[in-house]
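Student: Quick one, final-v1.txt (compact mmCIF, C-alpha atoms):
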```txt
# COMPACT_ATOMS: atom_id res chain seq x y z
CA MET A 1 -40.76 -5.59 39.64
CA THR A 2 -41.17 -8.89 41.46
CA GLU A 3 -44.53 -10.58 41.02
CA TYR A 4 -46.04 -11.79 44.30
CA PRO A 5 -46.29 -14.28 45.75
CA ILE A 6 -42.86 -15.69 44.88
CA TYR A 7 -43.30 -19.44 44.48
CA LEU A 8 -40.79 -21.46 46.54
CA ASP A 9 -42.79 -24.65 47.02
CA PHE A 10 -41.73 -26.71 44.01
CA ASN A 11 -41.38 -29.88 46.12
CA ALA A 12 -45.12 -29.65 46.75
CA THR A 13 -45.90 -29.37 43.05
CA THR A 14 -44.57 -27.87 39.87
CA PRO A 15 -46.59 -26.06 37.20
CA VAL A 16 -47.46 -28.01 34.06
CA HIS A 17 -44.88 -27.05 31.46
CA PRO A 18 -46.37 -25.53 28.27
CA ILE A 19 -44.77 -28.25 26.13
CA VAL A 20 -46.38 -30.90 28.34
CA LEU A 21 -49.75 -29.16 28.17
CA GLU A 22 -49.50 -28.94 24.39
CA ALA A 23 -48.81 -32.67 24.17
CA MET A 24 -51.80 -33.69 26.30
CA LEU A 25 -54.50 -31.25 25.13
CA PRO A 26 -55.38 -33.10 21.87
CA LEU A 27 -56.33 -36.14 23.95
CA PHE A 28 -59.14 -34.11 25.51
CA GLY A 29 -60.54 -33.38 22.05
CA PRO A 30 -59.94 -34.84 18.60
CA VAL A 31 -57.51 -37.60 19.69
CA PHE A 32 -59.95 -39.65 21.75
CA GLY A 33 -60.75 -43.30 22.18
CA ASN A 34 -60.18 -46.16 24.59
CA PRO A 35 -56.57 -47.41 24.48
CA SER A 36 -57.86 -50.97 24.90
CA SER A 37 -60.21 -50.80 21.90
CA ALA A 38 -59.30 -52.94 18.87
CA HIS A 39 -59.89 -50.30 16.19
CA PRO A 40 -58.02 -47.21 14.92
CA PHE A 41 -59.30 -44.93 17.68
CA GLY A 42 -57.91 -47.29 20.30
CA PHE A 43 -54.74 -48.09 18.34
CA ARG A 44 -53.86 -44.41 18.19
CA LEU A 45 -54.21 -44.00 21.97
CA ARG A 46 -52.33 -47.24 22.66
CA ALA A 47 -49.44 -46.05 20.50
CA ALA A 48 -49.37 -42.72 22.35
CA MET A 49 -49.24 -44.53 25.71
CA ASP A 50 -46.50 -46.85 24.49
CA THR A 51 -44.44 -43.84 23.44
CA ALA A 52 -44.96 -42.24 26.84
CA ARG A 53 -43.97 -45.46 28.60
CA GLY A 54 -40.76 -45.50 26.59
CA GLN A 55 -40.01 -41.87 27.40
CA LEU A 56 -40.43 -42.51 31.10
CA ALA A 57 -38.35 -45.69 30.97
CA ALA A 58 -35.55 -43.82 29.20
CA LEU A 59 -35.45 -41.22 31.98
CA ILE A 60 -34.68 -43.83 34.65
CA GLY A 61 -32.73 -46.40 32.64
CA ALA A 62 -35.53 -48.98 32.63
CA GLN A 63 -37.26 -51.09 30.00
CA GLU A 64 -40.60 -49.99 28.58
CA ASP A 65 -42.45 -53.05 29.91
CA GLU A 66 -41.24 -52.30 33.45
CA ILE A 67 -43.36 -49.14 33.73
CA VAL A 68 -46.91 -49.15 35.12
CA PHE A 69 -48.88 -45.90 35.06
CA THR A 70 -50.62 -44.84 38.28
CA SER A 71 -52.40 -41.72 39.53
CA CYS A 72 -49.66 -40.42 41.86
CA GLY A 73 -46.67 -41.24 44.04
CA SER A 74 -48.83 -42.35 46.94
CA GLU A 75 -50.62 -44.93 44.80
CA SER A 76 -47.28 -46.18 43.47
CA ASN A 77 -45.92 -46.54 47.02
CA ASN A 78 -49.01 -48.46 48.11
CA LEU A 79 -48.91 -50.68 45.05
CA ALA A 80 -45.27 -51.49 45.71
CA LEU A 81 -45.65 -52.46 49.38
CA LYS A 82 -49.15 -53.93 49.42
CA GLY A 83 -48.68 -55.49 46.00
CA LEU A 84 -45.64 -57.41 47.21
CA ALA A 85 -47.24 -58.28 50.54
CA PHE A 86 -50.40 -59.73 49.03
CA ALA A 87 -48.85 -61.38 45.97
CA GLY A 88 -48.42 -64.64 47.86
CA GLU A 89 -45.17 -65.32 46.05
CA SER A 90 -43.05 -65.49 49.21
CA PRO A 91 -43.37 -66.66 52.83
CA ARG A 92 -41.45 -63.55 53.90
CA ASN A 93 -43.42 -61.30 56.25
CA HIS A 94 -40.94 -58.60 57.32
CA ILE A 95 -40.67 -55.04 55.98
CA VAL A 96 -37.88 -52.54 56.65
CA ILE A 97 -38.40 -48.79 56.22
CA SER A 98 -36.45 -45.70 57.25
CA ALA A 99 -37.46 -43.18 59.90
CA VAL A 100 -37.84 -40.39 57.30
CA GLU A 101 -40.22 -41.98 54.80
CA HIS A 102 -43.20 -40.23 53.21
CA PRO A 103 -46.53 -40.94 54.95
CA ALA A 104 -47.56 -43.05 51.95
CA ILE A 105 -44.88 -45.52 53.02
CA THR A 106 -45.18 -45.28 56.80
CA ASN A 107 -48.96 -45.60 56.74
CA ALA A 108 -48.91 -48.44 54.20
CA ALA A 109 -46.39 -50.25 56.41
CA ARG A 110 -48.57 -49.61 59.45
CA PHE A 111 -51.55 -51.05 57.56
CA LEU A 112 -49.57 -54.20 56.79
CA SER A 113 -48.37 -54.47 60.39
CA HIS A 114 -52.01 -55.13 61.35
CA ARG A 115 -52.24 -57.90 58.79
CA GLY A 116 -49.49 -60.26 59.81
CA PHE A 117 -46.41 -58.34 58.71
CA PHE A 118 -43.62 -57.13 60.96
CA VAL A 119 -42.12 -53.70 60.36
CA THR A 120 -38.67 -52.48 61.38
CA THR A 121 -37.86 -48.78 61.20
CA VAL A 122 -34.20 -47.94 60.70
CA ARG A 123 -32.93 -44.73 62.29
CA VAL A 124 -31.14 -41.96 60.42
CA ASP A 125 -28.19 -39.76 61.39
CA GLU A 126 -28.31 -36.03 62.15
CA TYR A 127 -28.42 -35.30 58.41
CA GLY A 128 -31.28 -37.70 57.72
CA ARG A 129 -29.11 -40.33 56.04
CA VAL A 130 -29.73 -44.05 56.35
CA ASP A 131 -26.69 -46.16 57.23
CA ALA A 132 -26.49 -49.12 54.85
CA GLU A 133 -24.95 -51.21 57.61
CA ALA A 134 -27.95 -50.49 59.85
CA VAL A 135 -30.14 -51.80 57.04
CA ARG A 136 -27.94 -54.87 56.76
CA GLU A 137 -28.43 -55.54 60.48
CA ALA A 138 -32.20 -55.05 60.21
CA VAL A 139 -32.70 -57.36 57.21
CA THR A 140 -33.30 -61.03 57.97
CA GLU A 141 -34.13 -64.14 55.98
CA ARG A 142 -37.79 -63.19 56.51
CA THR A 143 -37.50 -59.69 55.01
CA LEU A 144 -39.66 -59.19 51.94
CA VAL A 145 -38.79 -55.62 51.02
CA VAL A 146 -36.74 -52.66 52.19
CA SER A 147 -38.25 -49.26 51.33
CA VAL A 148 -35.99 -46.21 51.54
CA LEU A 149 -36.76 -42.99 49.69
CA HIS A 150 -34.18 -41.52 47.34
CA GLY A 151 -34.39 -37.77 47.97
CA GLN A 152 -36.15 -36.81 51.21
CA ASN A 153 -39.14 -34.60 50.50
CA GLU A 154 -38.71 -32.17 53.43
CA ILE A 155 -34.94 -31.84 53.84
CA GLY A 156 -33.67 -33.10 50.49
CA THR A 157 -31.10 -35.56 51.84
CA ILE A 158 -30.10 -38.13 49.20
CA GLN A 159 -29.79 -41.72 50.38
CA PRO A 160 -26.95 -44.13 49.43
CA LEU A 161 -29.31 -46.47 47.63
CA ALA A 162 -26.72 -48.61 45.86
CA ARG A 163 -25.20 -49.65 49.20
CA ILE A 164 -28.64 -50.15 50.74
CA ALA A 165 -29.63 -52.31 47.76
CA ALA A 166 -26.60 -54.52 48.29
CA ALA A 167 -27.51 -54.93 51.96
CA ALA A 168 -31.08 -55.92 51.07
CA HIS A 169 -30.16 -58.24 48.22
CA ASP A 170 -27.56 -60.11 50.27
CA LYS A 171 -30.41 -61.71 52.19
CA GLY A 172 -32.83 -62.02 49.30
CA ALA A 173 -34.95 -58.97 50.06
CA LEU A 174 -36.13 -56.49 47.44
CA LEU A 175 -35.52 -52.74 47.49
CA HIS A 176 -38.22 -50.18 46.77
CA THR A 177 -37.52 -46.46 46.66
CA ASP A 178 -39.83 -43.49 46.61
CA ALA A 179 -38.05 -41.33 44.03
CA ALA A 180 -40.85 -38.79 43.66
CA GLN A 181 -38.58 -35.88 44.61
CA SER A 182 -35.40 -37.00 42.86
CA VAL A 183 -36.61 -37.97 39.38
CA GLY A 184 -35.99 -35.03 37.07
CA LYS A 185 -33.73 -33.19 39.53
CA ILE A 186 -30.75 -35.53 39.80
CA PRO A 187 -29.63 -38.51 37.70
CA VAL A 188 -31.75 -41.59 38.46
CA ASP A 189 -30.79 -44.94 36.95
CA VAL A 190 -32.47 -48.07 38.28
CA GLU A 191 -29.51 -50.27 37.37
CA GLU A 192 -26.93 -48.06 39.05
CA LEU A 193 -29.10 -47.68 42.14
CA GLY A 194 -29.87 -51.40 42.26
CA VAL A 195 -33.56 -50.85 43.02
CA ASP A 196 -36.30 -53.35 42.24
CA LEU A 197 -39.24 -50.95 42.41
CA LEU A 198 -39.23 -47.16 42.05
CA THR A 199 -42.00 -44.62 42.57
CA ILE A 200 -42.49 -41.64 40.23
CA ALA A 201 -44.77 -38.62 40.72
CA GLY A 202 -45.26 -36.48 37.62
CA ASN A 203 -46.30 -33.28 39.37
CA LYS A 204 -42.80 -33.02 40.84
CA PHE A 205 -41.29 -32.54 37.36
CA TYR A 206 -43.76 -30.43 35.38
CA ALA A 207 -46.46 -32.98 34.58
CA PRO A 208 -50.01 -32.56 35.90
CA LYS A 209 -51.14 -33.68 39.33
CA GLY A 210 -52.69 -37.11 38.99
CA ALA A 211 -49.93 -38.59 36.80
CA GLY A 212 -47.61 -41.16 38.36
CA ALA A 213 -45.87 -44.44 37.68
CA LEU A 214 -44.20 -47.40 39.31
CA TYR A 215 -41.09 -49.07 37.92
CA ILE A 216 -41.24 -52.84 38.55
CA ARG A 217 -38.19 -54.89 37.67
CA ARG A 218 -38.95 -57.76 35.29
CA GLY A 219 -39.95 -60.94 37.10
CA ILE A 220 -41.41 -59.29 40.21
CA LYS A 221 -45.02 -60.23 40.91
CA LEU A 222 -47.50 -57.84 42.54
CA GLU A 223 -51.12 -58.14 43.56
CA PRO A 224 -53.08 -55.22 42.12
CA LEU A 225 -54.77 -52.67 44.38
CA ILE A 226 -57.62 -52.26 41.88
CA HIS A 227 -59.18 -55.45 40.49
CA GLY A 228 -61.04 -55.58 37.24
CA GLY A 229 -59.88 -55.90 33.64
CA GLY A 230 -56.36 -56.54 32.42
CA HIS A 231 -55.23 -52.92 32.08
CA GLU A 232 -51.58 -52.07 32.78
CA LYS A 233 -50.52 -55.71 32.53
CA GLY A 234 -53.25 -56.64 34.99
CA LEU A 235 -51.85 -54.39 37.73
CA ARG A 236 -54.29 -51.46 37.53
CA ALA A 237 -57.81 -52.09 36.32
CA GLY A 238 -59.78 -49.28 34.72
CA THR A 239 -59.77 -47.37 31.45
CA GLU A 240 -56.32 -45.82 31.12
CA ASN A 241 -55.85 -42.07 31.54
CA ALA A 242 -54.09 -41.70 28.22
CA ALA A 243 -53.90 -37.90 28.36
CA PHE A 244 -52.02 -37.92 31.64
CA ALA A 245 -49.79 -40.81 30.53
CA VAL A 246 -48.82 -38.78 27.46
CA ALA A 247 -48.19 -35.75 29.68
CA LEU A 248 -45.98 -37.81 31.98
CA GLY A 249 -44.00 -39.15 29.03
CA LYS A 250 -43.46 -35.69 27.57
CA ALA A 251 -42.44 -34.35 30.99
CA ALA A 252 -39.92 -37.21 31.26
CA GLU A 253 -38.49 -36.36 27.86
CA LEU A 254 -38.24 -32.71 28.90
CA ALA A 255 -36.64 -33.66 32.22
CA GLN A 256 -33.88 -35.56 30.43
CA GLN A 257 -32.98 -32.38 28.59
CA ARG A 258 -33.30 -29.99 31.54
CA GLN A 259 -32.05 -32.04 34.50
CA PRO A 260 -28.46 -30.60 34.30
CA LEU A 261 -29.95 -27.13 34.93
CA TYR A 262 -30.67 -28.12 38.51
CA ASP A 263 -26.96 -28.39 39.17
CA SER A 264 -25.77 -25.47 37.05
CA GLU A 265 -28.52 -22.93 37.78
CA VAL A 266 -30.87 -24.00 40.58
CA ARG A 267 -28.27 -25.13 43.13
CA PRO A 268 -26.38 -21.77 43.04
CA LEU A 269 -29.66 -19.90 43.57
CA ARG A 270 -30.58 -22.16 46.48
CA ASP A 271 -27.20 -21.49 48.08
CA ARG A 272 -27.60 -17.76 47.46
CA LEU A 273 -30.92 -17.85 49.30
CA HIS A 274 -29.25 -19.66 52.19
CA ARG A 275 -26.41 -17.12 52.37
CA ASN A 276 -28.77 -14.16 52.22
CA ILE A 277 -30.84 -15.50 55.11
CA LEU A 278 -27.79 -16.42 57.20
CA PHE A 279 -26.37 -12.92 56.78
CA SER A 280 -29.24 -11.50 58.86
CA VAL A 281 -30.29 -14.62 60.80
CA PRO A 282 -26.96 -16.31 61.60
CA ASN A 283 -28.50 -18.84 63.99
CA ALA A 284 -30.74 -20.34 61.30
CA LEU A 285 -30.06 -24.09 61.35
CA LEU A 286 -29.81 -26.14 58.15
CA ASN A 287 -31.82 -29.36 58.22
CA GLY A 288 -30.49 -32.04 55.92
CA HIS A 289 -27.12 -32.99 54.51
CA PRO A 290 -24.98 -29.98 53.56
CA ASP A 291 -23.77 -31.59 50.32
CA GLU A 292 -25.71 -34.79 49.56
CA ARG A 293 -28.99 -32.97 49.13
CA LEU A 294 -31.45 -32.27 46.33
CA PRO A 295 -30.14 -29.19 44.47
CA ASN A 296 -33.37 -27.24 44.88
CA THR A 297 -34.16 -27.90 48.54
CA LEU A 298 -33.44 -25.67 51.56
CA ASN A 299 -34.94 -26.49 54.96
CA LEU A 300 -34.07 -24.13 57.81
CA SER A 301 -35.08 -24.02 61.47
CA PHE A 302 -35.31 -20.56 63.03
CA PRO A 303 -34.89 -20.84 66.83
CA GLY A 304 -37.65 -19.10 68.73
CA ILE A 305 -39.98 -18.98 65.72
CA ASP A 306 -43.27 -20.77 65.17
CA SER A 307 -42.91 -21.67 61.50
CA THR A 308 -46.67 -21.93 60.98
CA LYS A 309 -47.08 -18.30 62.03
CA LEU A 310 -44.03 -17.27 59.98
CA GLN A 311 -45.40 -19.03 56.90
CA ALA A 312 -48.75 -17.31 57.39
CA ALA A 313 -47.04 -13.93 57.78
CA VAL A 314 -45.21 -14.19 54.46
CA ARG A 315 -47.58 -16.27 52.33
CA ASP A 316 -48.91 -13.33 50.32
CA ARG A 317 -45.34 -12.59 49.21
CA VAL A 318 -43.49 -15.91 49.51
CA ALA A 319 -45.22 -19.26 48.97
CA CYS A 320 -43.38 -21.94 50.98
CA SER A 321 -44.11 -24.83 53.35
CA THR A 322 -43.60 -25.73 56.98
CA GLY A 323 -43.07 -29.38 56.03
CA CYS A 324 -44.09 -31.67 53.21
CA GLY A 325 -47.07 -30.62 51.12
CA CYS A 326 -49.16 -33.43 52.64
CA HIS A 327 -48.89 -31.74 56.05
CA ALA A 328 -49.87 -28.22 55.04
CA GLY A 329 -51.49 -26.30 57.88
CA LYS A 330 -50.53 -28.76 60.61
CA THR A 331 -48.72 -27.46 63.68
CA ALA A 332 -47.35 -30.75 65.01
CA PRO A 333 -43.54 -31.08 65.00
CA SER A 334 -42.13 -32.55 61.79
CA ALA A 335 -41.59 -36.29 62.27
CA THR A 336 -38.68 -36.04 59.85
CA LEU A 337 -36.90 -33.39 61.91
CA LEU A 338 -37.56 -35.27 65.14
CA ALA A 339 -35.95 -38.31 63.50
CA LEU A 340 -32.84 -36.18 62.89
CA GLY A 341 -32.63 -35.52 66.63
CA ARG A 342 -34.04 -32.01 66.56
CA ASP A 343 -35.99 -31.05 69.68
CA GLU A 344 -39.66 -30.12 69.38
CA GLY A 345 -38.86 -26.41 69.35
CA LEU A 346 -36.60 -26.68 66.32
CA ALA A 347 -38.91 -29.21 64.66
CA THR A 348 -41.75 -26.67 64.76
CA ALA A 349 -39.49 -23.79 63.71
CA ALA A 350 -38.66 -25.02 60.21
CA LEU A 351 -39.51 -23.73 56.76
CA ARG A 352 -39.03 -25.66 53.54
CA LEU A 353 -37.98 -23.45 50.63
CA THR A 354 -37.80 -25.28 47.30
CA LEU A 355 -36.84 -23.82 43.94
CA GLY A 356 -37.71 -24.62 40.34
CA ILE A 357 -35.92 -24.18 37.06
CA GLU A 358 -37.76 -20.91 36.44
CA THR A 359 -36.83 -19.35 39.80
CA THR A 360 -34.82 -16.15 39.28
CA GLU A 361 -32.10 -14.36 41.20
CA VAL A 362 -34.38 -11.36 41.68
CA GLU A 363 -37.00 -13.61 43.27
CA ILE A 364 -34.41 -15.21 45.54
CA ASP A 365 -33.13 -11.87 46.82
CA GLU A 366 -36.65 -10.54 47.36
CA ALA A 367 -37.77 -13.73 49.10
CA ALA A 368 -34.80 -13.58 51.46
CA SER A 369 -35.63 -9.97 52.27
CA VAL A 370 -39.27 -10.79 53.01
CA LEU A 371 -38.38 -13.76 55.21
CA VAL A 372 -35.70 -11.88 57.14
CA GLY A 373 -38.07 -8.98 57.71
CA ALA A 374 -40.80 -11.27 59.06
CA ILE A 375 -38.35 -13.08 61.33
CA SER A 376 -37.00 -9.76 62.62
CA ASP A 377 -40.53 -8.55 63.34
CA THR A 378 -41.24 -11.73 65.30
CA LEU A 379 -38.01 -11.83 67.30
CA GLY A 380 -37.66 -8.08 67.72
CA ARG A 381 -40.51 -7.81 70.18
CA SER A 382 -41.66 -9.86 73.13
CA GLU A 383 -44.70 -9.37 75.27
CA SER A 384 -43.93 -8.29 78.83
CA HIS A 385 -45.92 -9.46 81.85
CA ASP A 386 -47.99 -6.26 81.95
CA GLY A 387 -49.12 -6.67 78.37
CA THR A 388 -46.75 -4.12 76.79
CA PHE A 389 -44.03 -4.96 74.29
CA THR A 390 -40.31 -4.42 74.80
CA GLU A 391 -37.53 -4.57 72.25
CA GLN A 392 -35.17 -7.53 72.49
CA ARG A 393 -31.49 -7.25 71.59
CA ARG A 394 -30.29 -9.82 69.11
```
Please render this file's structure as structure tokens.

Tutor:
Amino acid sequence: MTEYPIYLDFNATTPVHPIVLEAMLPLFGPVFGNPSSAHPFGFRLRAAMDTARGQLAALIGAQEDEIVFTSCGSESNNLALKGLAFAGESPRNHIVISAVEHPAITNAARFLSHRGFFVTTVRVDEYGRVDAEAVREAVTERTLVVSVLHGQNEIGTIQPLARIAAAAHDKGALLHTDAAQSVGKIPVDVEELGVDLLTIAGNKFYAPKGAGALYIRRGIKLEPLIHGGGHEKGLRAGTENAAFAVALGKAAELAQQRQPLYDSEVRPLRDRLHRNILFSVPNALLNGHPDERLPNTLNLSFPGIDSTKLQAAVRDRVACSTGCGCHAGKTAPSATLLALGRDEGLATAALRLTLGIETTEVEIDEAASVLVGAISDTLGRSESHDGTFTEQRR
């Protein structure tokens, strides 16, 4: 029997894997100390953090000294943009972002726009993809950084980062990517992608919430967001959260082993869910690229449906989102879907259904049945002018 609610909100957060939990728990008890202390208690914690840094670096093809631990993806995004802007290393004062960035990027860019920086937003196509040539046209000799996410958090579209990197680098600009949703789900290699800074969020790949990191290519200078001691190579003052760093490292090691499962097992289940819904709701519209998309992500607009009400109707049986997790409960149209050219009706009629490695076929079939039933209930009746309800033919 299916256990309710069925969890289909893995892009919002994943559960902490038991192996990850096992690795971090000793650091809340017998393995304690300050990693910066010059005695055995500190040495032990420093060694554990160094191991974790190496595990995370190995996952993305980086060097150990290029990893800085943070608290989350949003902090990493802010450190990347604001750190570059305030480093004083360059007279460049122009930033380029895409129209489908996470709020941690758009709001950080907006903050900088009030402090002497100019921001250009590059449009996307109907699938949410950024055209590298449009980036090339937007970049000037004054551009400091281009920031384009890797896998879009709402629709899953994967961006052509290697081509975007070439466009940025041709004019001396750096490339940052928010890879919070892609790390652990698809291959991510900083050298192949050509990125200079890359954001990681541990709770997207089975580490605890509150564990993040920023990859910073050697030689790039950032101004810290938090001033104080020399922790994290002077980029993040404060006693290090060794337990969460260890958890992030173990989750990275686990992700290296399990990442192929997203293609072999999760993608087929995602497509099965899509087919099952389309069988009964043939006008459901896919948001995002049909092929170049995160293997676990399905975003559908249901014409005539208020997705907030639909999500509320099914939430005791299917846990899903109407947009990104940061927008939970909001009824405003998705800015991402509007950027794709969807009208406001379709932008407020979308559900995001995201799978994890543990999602089962039984859960997928049951979730489709629940969703179709709720949609049928909503569309099957309309209120007449005299207050009664009449059946609608579909």

Student: Kindly give the distance, in Å, that separates CA of Glu22 (chain A) and CA of Ala245 (chain A), rounded to a single decimal.

Tutor: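 Going from CA of Glu22 (chain A) over to CA of Ala245 (chain A), I get 13.4 Å.
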
Student: Please compute the CA of Pro40 (chain A)-CA of Gly210 (chain A) distance, one decimal, in Å.

Tutor: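 Straight-line distance from CA of Pro40 (chain A) to CA of Gly210 (chain A) works out to 26.6 Å.
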
Student: Set the distance at 9 Å and use all atoms listed in the file: which residues neighbour Gly212 (chain A) once local chain neighbours fewer than 6 positions away are removed? I'd like the list as a list of chain:residue names.

Tutor: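 Counting only the stated atoms, we get A:Val68, A:Phe69, A:Thr70, A:Ser71, A:Cys72, A:Gly73, A:Ser74, A:Glu75, A:Ser76, A:Ala180, A:Thr199, A:Ile200, A:Ala201, A:Gly202, A:Asn203, A:Phe244, A:Ala245, A:Leu248.
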
Student: Write out as a PyMOL selection string the residues lying within 6 Å of region 346-360 of chain A, counting only C-alpha atoms and excluding same-chain residues fewer than 5 positions away.

Tutor: chain A and resi 8-11+296-302+305-307+320-322+333-334+337

Student: Could you work out how far CA of Gly54 (chain A) lies from CA of Ser36 (chain A), giving the answer in Å with one decimal?

Tutor: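 Separation of CA of Ser36 (chain A) and CA of Gly54 (chain A): 18.0 Å.
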
Student: Tell me which of A:Lys250, A:Arg236, A:Arg92, A:Arg46 sits closest to Ile19 (chain A), counting all atoms listed in the file.

Tutor: A:Lys250

Student: For Pro282 (chain A), which of A:Ile375, A:Ile97, A:Ala247, A:Ala367 is the closest residue, counting only C-alpha atoms?

Tutor: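 Of A:Ile375, A:Ile97, A:Ala247, A:Ala367, the one nearest Pro282 (chain A) is A:Ile375, counting only C-alpha atoms.
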
Student: If we count all atoms listed in the file and set the cut-off at 12 Å, which residues sit around Phe279 (chain A), ignoring sequence neighbours fewer than 5 positions away in its own chain? Please answer as a ChimeraX atom specification.

Tutor: /A:272-274,284,368-369,372

Student: Next, write the just-selected residues to a file, as a CSV table (one decimal), in the coordinates of the input, keeping C-alpha atoms as the atom set.

Tutor:
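File produced: again_10.csv:
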```
chain,number,residue,atom,x,y,z
A,272,ARG,CA,-27.6,-17.8,47.5
A,273,LEU,CA,-30.9,-17.8,49.3
A,274,HIS,CA,-29.2,-19.7,52.2
A,284,ALA,CA,-30.7,-20.3,61.3
A,368,ALA,CA,-34.8,-13.6,51.5
A,369,SER,CA,-35.6,-10.0,52.3
A,372,VAL,CA,-35.7,-11.9,57.1
```

Student: I'd like the neighbourhood of Asp316 (chain A) as a list in words, where a residue qualifies if any of its atoms comes within 7 Å (using only C-alpha atoms), though same-chain residues fewer than 2 positions away should be ignored.

Tutor: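 Listed by chain and then number, they are Tyr4, Pro5, Val314 and Val318 of chain A.
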
Student: Scan for residues within 12 Å of the point (-35.8, -61.5, 58.1) in the coordinates of the file, using all atoms listed in the file, and reply as a PyMOL selection string.

Tutor: chain A and resi 91-96+117-120+135-146+168-174

Student: Would you kindly return, as a PDB file with C-alpha atoms, in the coordinates of the input, each protein, DNA or RNA residue with an atom no farther than 7 Å from any atom of region 163-166 of chain A, considering all atoms listed in the file and excluding same-chain residues fewer than 5 positions away?

Tutor:
```pdb
ATOM      1  CA  ALA A 132     -26.490 -49.120  54.850  1.00  0.00           C
ATOM      2  CA  VAL A 135     -30.140 -51.800  57.040  1.00  0.00           C
ATOM      3  CA  LEU A 175     -35.520 -52.740  47.490  1.00  0.00           C
ATOM      4  CA  GLY A 194     -29.870 -51.400  42.260  1.00  0.00           C
ATOM      5  CA  VAL A 195     -33.560 -50.850  43.020  1.00  0.00           C
TER       6      VAL A 195
END
```

Student: Calculated over all atoms listed in the file, which of the candidates A:Leu371, A:Tyr7, A:Asp178, A:Arg317 has the smallest distance to Ser280 (chain A)?

Tutor: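 Closest residue, counting all atoms listed in the file: A:Leu371.
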
Student: Counting all atoms listed in the file, which of A:Pro208, A:Pro160, A:Pro224, A:Pro15 gets nearest to Lys82 (chain A)?

Tutor: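 Of A:Pro208, A:Pro160, A:Pro224, A:Pro15, the one nearest Lys82 (chain A), counting all atoms listed in the file, is A:Pro224.
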
Student: Kindly indicate which residue among A:Val148, A:Ile158, A:Ala335, A:Asp50 lies nearest to Gly249 (chain A), using only C-alpha atoms for the distances.

Tutor: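 Under the stated criterion, the closest residue is A:Asp50.
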
Student: Please define a box with edges along x, y and z of the file around all atoms of region 137-144 of chain A given in the file, extend it by 8 Å on each side, and return its centre and edge lengths in Å to one decimal, as AutoDock Vina command-line options.

Tutor:
```
--center_x -34.0 --center_y -59.6 --center_z 56.2 --size_x 27.2 --size_y 25.1 --size_z 24.5
```

Student: Quick one: of A:Glu101, A:Glu253, A:Asp65, A:Glu89, who's nearest to Val130 (chain A), counting only C-alpha atoms?

Tutor: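 Closest residue, counting only C-alpha atoms: A:Glu101.
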